[in-house]
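Data block below; observations after.
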Amino acid sequence: MSPSRAARALCPHCGFCCNGVLFGDVRLRPGDVPERLAQLGLGLHGPPGRQRFLQPCSCFDGRLCRIYAERPERCRTFTCSLLQRLQQGRIDLTTARGIVTQAREQWARVLEALRSAGDPAPHLPLHRRVARALAEPLDLADPRAAATRRRLLLAVQRLARTLERHFLAPVRKPRGSQSRP
Ligand code: SF4
Ligand code: SF4
């Protein structure tokens with residue numbers, strides 16, 4: 001499957017590299033024009049030359065990138081390992097979508113546990129939301145609070161394992177491909 005066709009078929013079902021599940025923030029790169037990106041609605045932070053935008057990305061509509069044609073350089077070059085494997089024909093679309101579905105169900109369980117725990121910072125990327133929730137004092141005399149904490153930890157562990165294995169693990173080069181000297 002061609003790289004762009006694979007991305008079109010898979011990414012709208014996922015969104016993890018835009019919605020704060022995989023990343024907390026993204027640094028701009030030399031080819032990016034911060035003024036233009038800010039004009040397009042990307043919320044930039046940091047001093048000139050070291051600007052970054054936070055995730056969940058303000059240009060993500062829940063399925064697609066609203067500024068796709070003018071998206072930052074890092075977004076153009078990032079391809080998670082699941083998409084790489086689909087592009088290389090190592091897995092088929094049904095399997096790839098199944099993995100996304102599984103990860104999204106695990107993510108939903110993390111969100112549900114976060115809500116039960118009070119979710120003190122819902123606007124932050126997922127790992128920081130979890131860190132904030134876990135940093136809240138825990139009343140050990142309250143069995144419901146302890147159960148919620150356990151549920152959150154378990155849900156995070158499951159999601160992290162899936163992300164690590166399917167989305168972030170390095171992908172071997174296809175057979176016969178050569179490294180650029
Ligand atoms: S994490 Fe991978 S599959 Fe998901 S939207 Fe990003 S590139 Fe596409
Ligand atoms: S600019 Fe577009 S591609 Fe980049 S993180 Fe935001 S929504 Fe995703």
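FYI, nothing fancy with the structure tokens labels: chains A, B, ... in order, residues from 1 per chain, ligands from 1 as they appear.
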
Produce a table with one row for each residue of segment 88-136 of chain A that has an atom at most 12 Å from any atom of segment 74-80 of chain A, each row naming the nearest atom pair and its distance in Å at one decimal; use only C-alpha atoms; arrange rows by chain and rising residue number; format as CSV.
```
residue,atom,partner,partner_atom,distance
A:Gln88,CA,A:Thr79,CA,12.0
A:Ala96,CA,A:Cys80,CA,11.7
A:Val100,CA,A:Cys80,CA,11.8
```

List all protein, DNA and RNA residues that have an atom no more than 9 Å from any atom of ligand 2, counting only C-alpha atoms and all ligand atoms, and report them as a ChimeraX atom specification. /A:15-20,25-26,37,42,53-76,78

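Between atom CA of Gly89 of chain A and atom 4 (Fe, counted along the ligand's line) of ligand 1 the interatomic distance comes to 16.6 Å.
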
So that I can see what lies close to Gln87 of chain A, please list as a ChimeraX atom specification the residues with an atom at most 10 Å from it, counting only C-alpha atoms and leaving out residues fewer than 2 positions away in the same chain. /A:1-7,79,81-85,89-93

Which residues, written as number ranges by chain, have at least one atom at most 8 Å from Ala113 of chain A, with only C-alpha atoms counted and residues fewer than 2 positions away on the same chain left out? A: 109-111, 115-117, 148-149, 151-152, 155

File dump, residues just selected, N, CA and C atoms, as a PDB file, in the first residue's frame:
```pdb
ATOM      1  N   ARG A 109     -10.487   3.221  28.749  1.00  0.00           N
ATOM      2  CA  ARG A 109     -10.506   2.745  30.140  1.00  0.00           C
ATOM      3  C   ARG A 109      -9.633   3.637  31.034  1.00  0.00           C
ATOM      4  N   VAL A 110      -8.538   4.132  30.458  1.00  0.00           N
ATOM      5  CA  VAL A 110      -7.700   5.076  31.224  1.00  0.00           C
ATOM      6  C   VAL A 110      -8.494   6.349  31.503  1.00  0.00           C
ATOM      7  N   LEU A 111      -9.199   6.861  30.486  1.00  0.00           N
ATOM      8  CA  LEU A 111      -9.980   8.094  30.657  1.00  0.00           C
ATOM      9  C   LEU A 111     -11.083   7.905  31.703  1.00  0.00           C
ATOM     10  N   ARG A 115     -11.394   9.925  35.147  1.00  0.00           N
ATOM     11  CA  ARG A 115     -12.592  10.678  35.562  1.00  0.00           C
ATOM     12  C   ARG A 115     -13.012  10.275  36.980  1.00  0.00           C
ATOM     13  N   SER A 116     -12.974   8.971  37.239  1.00  0.00           N
ATOM     14  CA  SER A 116     -13.341   8.509  38.590  1.00  0.00           C
ATOM     15  C   SER A 116     -12.383   9.074  39.635  1.00  0.00           C
ATOM     16  N   ALA A 117     -11.132   9.311  39.211  1.00  0.00           N
ATOM     17  CA  ALA A 117     -10.129   9.826  40.158  1.00  0.00           C
ATOM     18  C   ALA A 117     -10.159  11.351  40.243  1.00  0.00           C
ATOM     19  N   THR A 148     -10.086   2.767  42.743  1.00  0.00           N
ATOM     20  CA  THR A 148      -9.972   3.633  41.567  1.00  0.00           C
ATOM     21  C   THR A 148      -8.508   3.811  41.177  1.00  0.00           C
ATOM     22  N   ARG A 149      -7.672   4.005  42.180  1.00  0.00           N
ATOM     23  CA  ARG A 149      -6.230   4.172  41.919  1.00  0.00           C
ATOM     24  C   ARG A 149      -5.654   2.910  41.264  1.00  0.00           C
ATOM     25  N   ARG A 151      -7.303   0.719  39.534  1.00  0.00           N
ATOM     26  CA  ARG A 151      -7.863   0.598  38.178  1.00  0.00           C
ATOM     27  C   ARG A 151      -7.108   1.504  37.209  1.00  0.00           C
ATOM     28  N   LEU A 152      -6.797   2.693  37.676  1.00  0.00           N
ATOM     29  CA  LEU A 152      -6.064   3.628  36.815  1.00  0.00           C
ATOM     30  C   LEU A 152      -4.676   3.075  36.476  1.00  0.00           C
ATOM     31  N   ALA A 155      -4.982   0.202  34.009  1.00  0.00           N
ATOM     32  CA  ALA A 155      -5.369   0.656  32.665  1.00  0.00           C
ATOM     33  C   ALA A 155      -4.188   1.333  31.965  1.00  0.00           C
TER      34      ALA A 155
END
```

Do you have the atom CA of Arg161 of chain A-atom CA of Pro120 of chain A distance handy? 24.3 Å

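Distance check against ligand 1 using only C-alpha atoms and all ligand atoms: of A:Pro47, A:Arg104, A:His127, A:Leu28, the minimum falls on A:Arg104.
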
Can you pull out every residue within 9 Å of Arg128 of chain A, counting only C-alpha atoms, but drop anything in the same chain fewer than 5 positions away, and send it as a JSON list (two decimals) with N, CA and C atoms, in the first residue's frame?
```json
[["chain", "number", "residue", "atom", "x", "y", "z"],
["A", 24, "GLY", "N", 3.69, 14.65, 24.54],
["A", 24, "GLY", "CA", 3.27, 15.79, 25.37],
["A", 24, "GLY", "C", 3.42, 17.11, 24.65],
["A", 121, "ALA", "N", -6.52, 17.64, 35.72],
["A", 121, "ALA", "CA", -6.00, 18.51, 34.65],
["A", 121, "ALA", "C", -6.37, 17.94, 33.28],
["A", 133, "ALA", "N", -3.13, 12.92, 38.54],
["A", 133, "ALA", "CA", -4.12, 12.14, 39.31],
["A", 133, "ALA", "C", -3.42, 11.27, 40.36]]
```

Can you work out which one of A:Pro12, A:Pro170, A:Pro137, A:Pro30 has the shortest atom-to-atom distance to ligand 1, counting only C-alpha atoms and all ligand atoms? A:Pro12

Distance criterion (only C-alpha atoms and all ligand atoms): nearest to ligand 1 out of A:Pro34, A:Gly118, A:Gly98, A:Pro143: A:Gly98

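Comparing the minimum interatomic distances between ligand 1 and each of A:Leu124, A:Ala103, A:Leu140, A:Val33, counting only C-alpha atoms and all ligand atoms, we find that A:Ala103 sits nearest.
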
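For the set A:Leu10, A:Val171, A:Ala135, A:Val21, the residue with the smallest atom-to-atom gap to ligand 1 is A:Leu10, counting only C-alpha atoms and all ligand atoms.
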
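Separating atom CA of Leu138 of chain A from atom CA of Gln157 of chain A is a distance of 19.4 Å.
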
Go through chain A and collect every residue that DSSP, computed from the backbone, puts in helix (DSSP H, G or I); the answer should be as a ChimeraX atom specification. /A:3-13,34-39,68-70,73-77,81-87,93-116,126-135,143-168

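The residue that comes closest to Cys14 of chain A, out of A:Thr101, A:Thr94, A:Gln39, A:Gln51 and on the basis of only C-alpha atoms, is A:Thr101.
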
Taking the chain letters and numbering used in this document, name the residues of chain A that DSSP puts in strand (DSSP E or B), as an NGL selection string. :A and (25-27 or 44-45 or 52-54 or 60 or 65)

Write to file, as a JSON list (two decimals), in the first residue's frame, the residues of the selection just made, with C-alpha atoms.
```
[["chain", "number", "residue", "atom", "x", "y", "z"],
["A", 25, "ASP", "CA", 4.63, 18.43, 23.03],
["A", 26, "VAL", "CA", 6.30, 18.85, 19.63],
["A", 27, "ARG", "CA", 9.31, 21.05, 18.88],
["A", 44, "LEU", "CA", 3.10, 28.00, 20.30],
["A", 45, "HIS", "CA", 5.17, 28.23, 23.47],
["A", 52, "ARG", "CA", 7.00, 24.01, 20.57],
["A", 53, "PHE", "CA", 3.31, 23.30, 20.64],
["A", 54, "LEU", "CA", 1.49, 21.30, 23.26],
["A", 60, "PHE", "CA", -6.63, 18.36, 15.71],
["A", 65, "CYS", "CA", -5.48, 17.70, 11.13]]
```
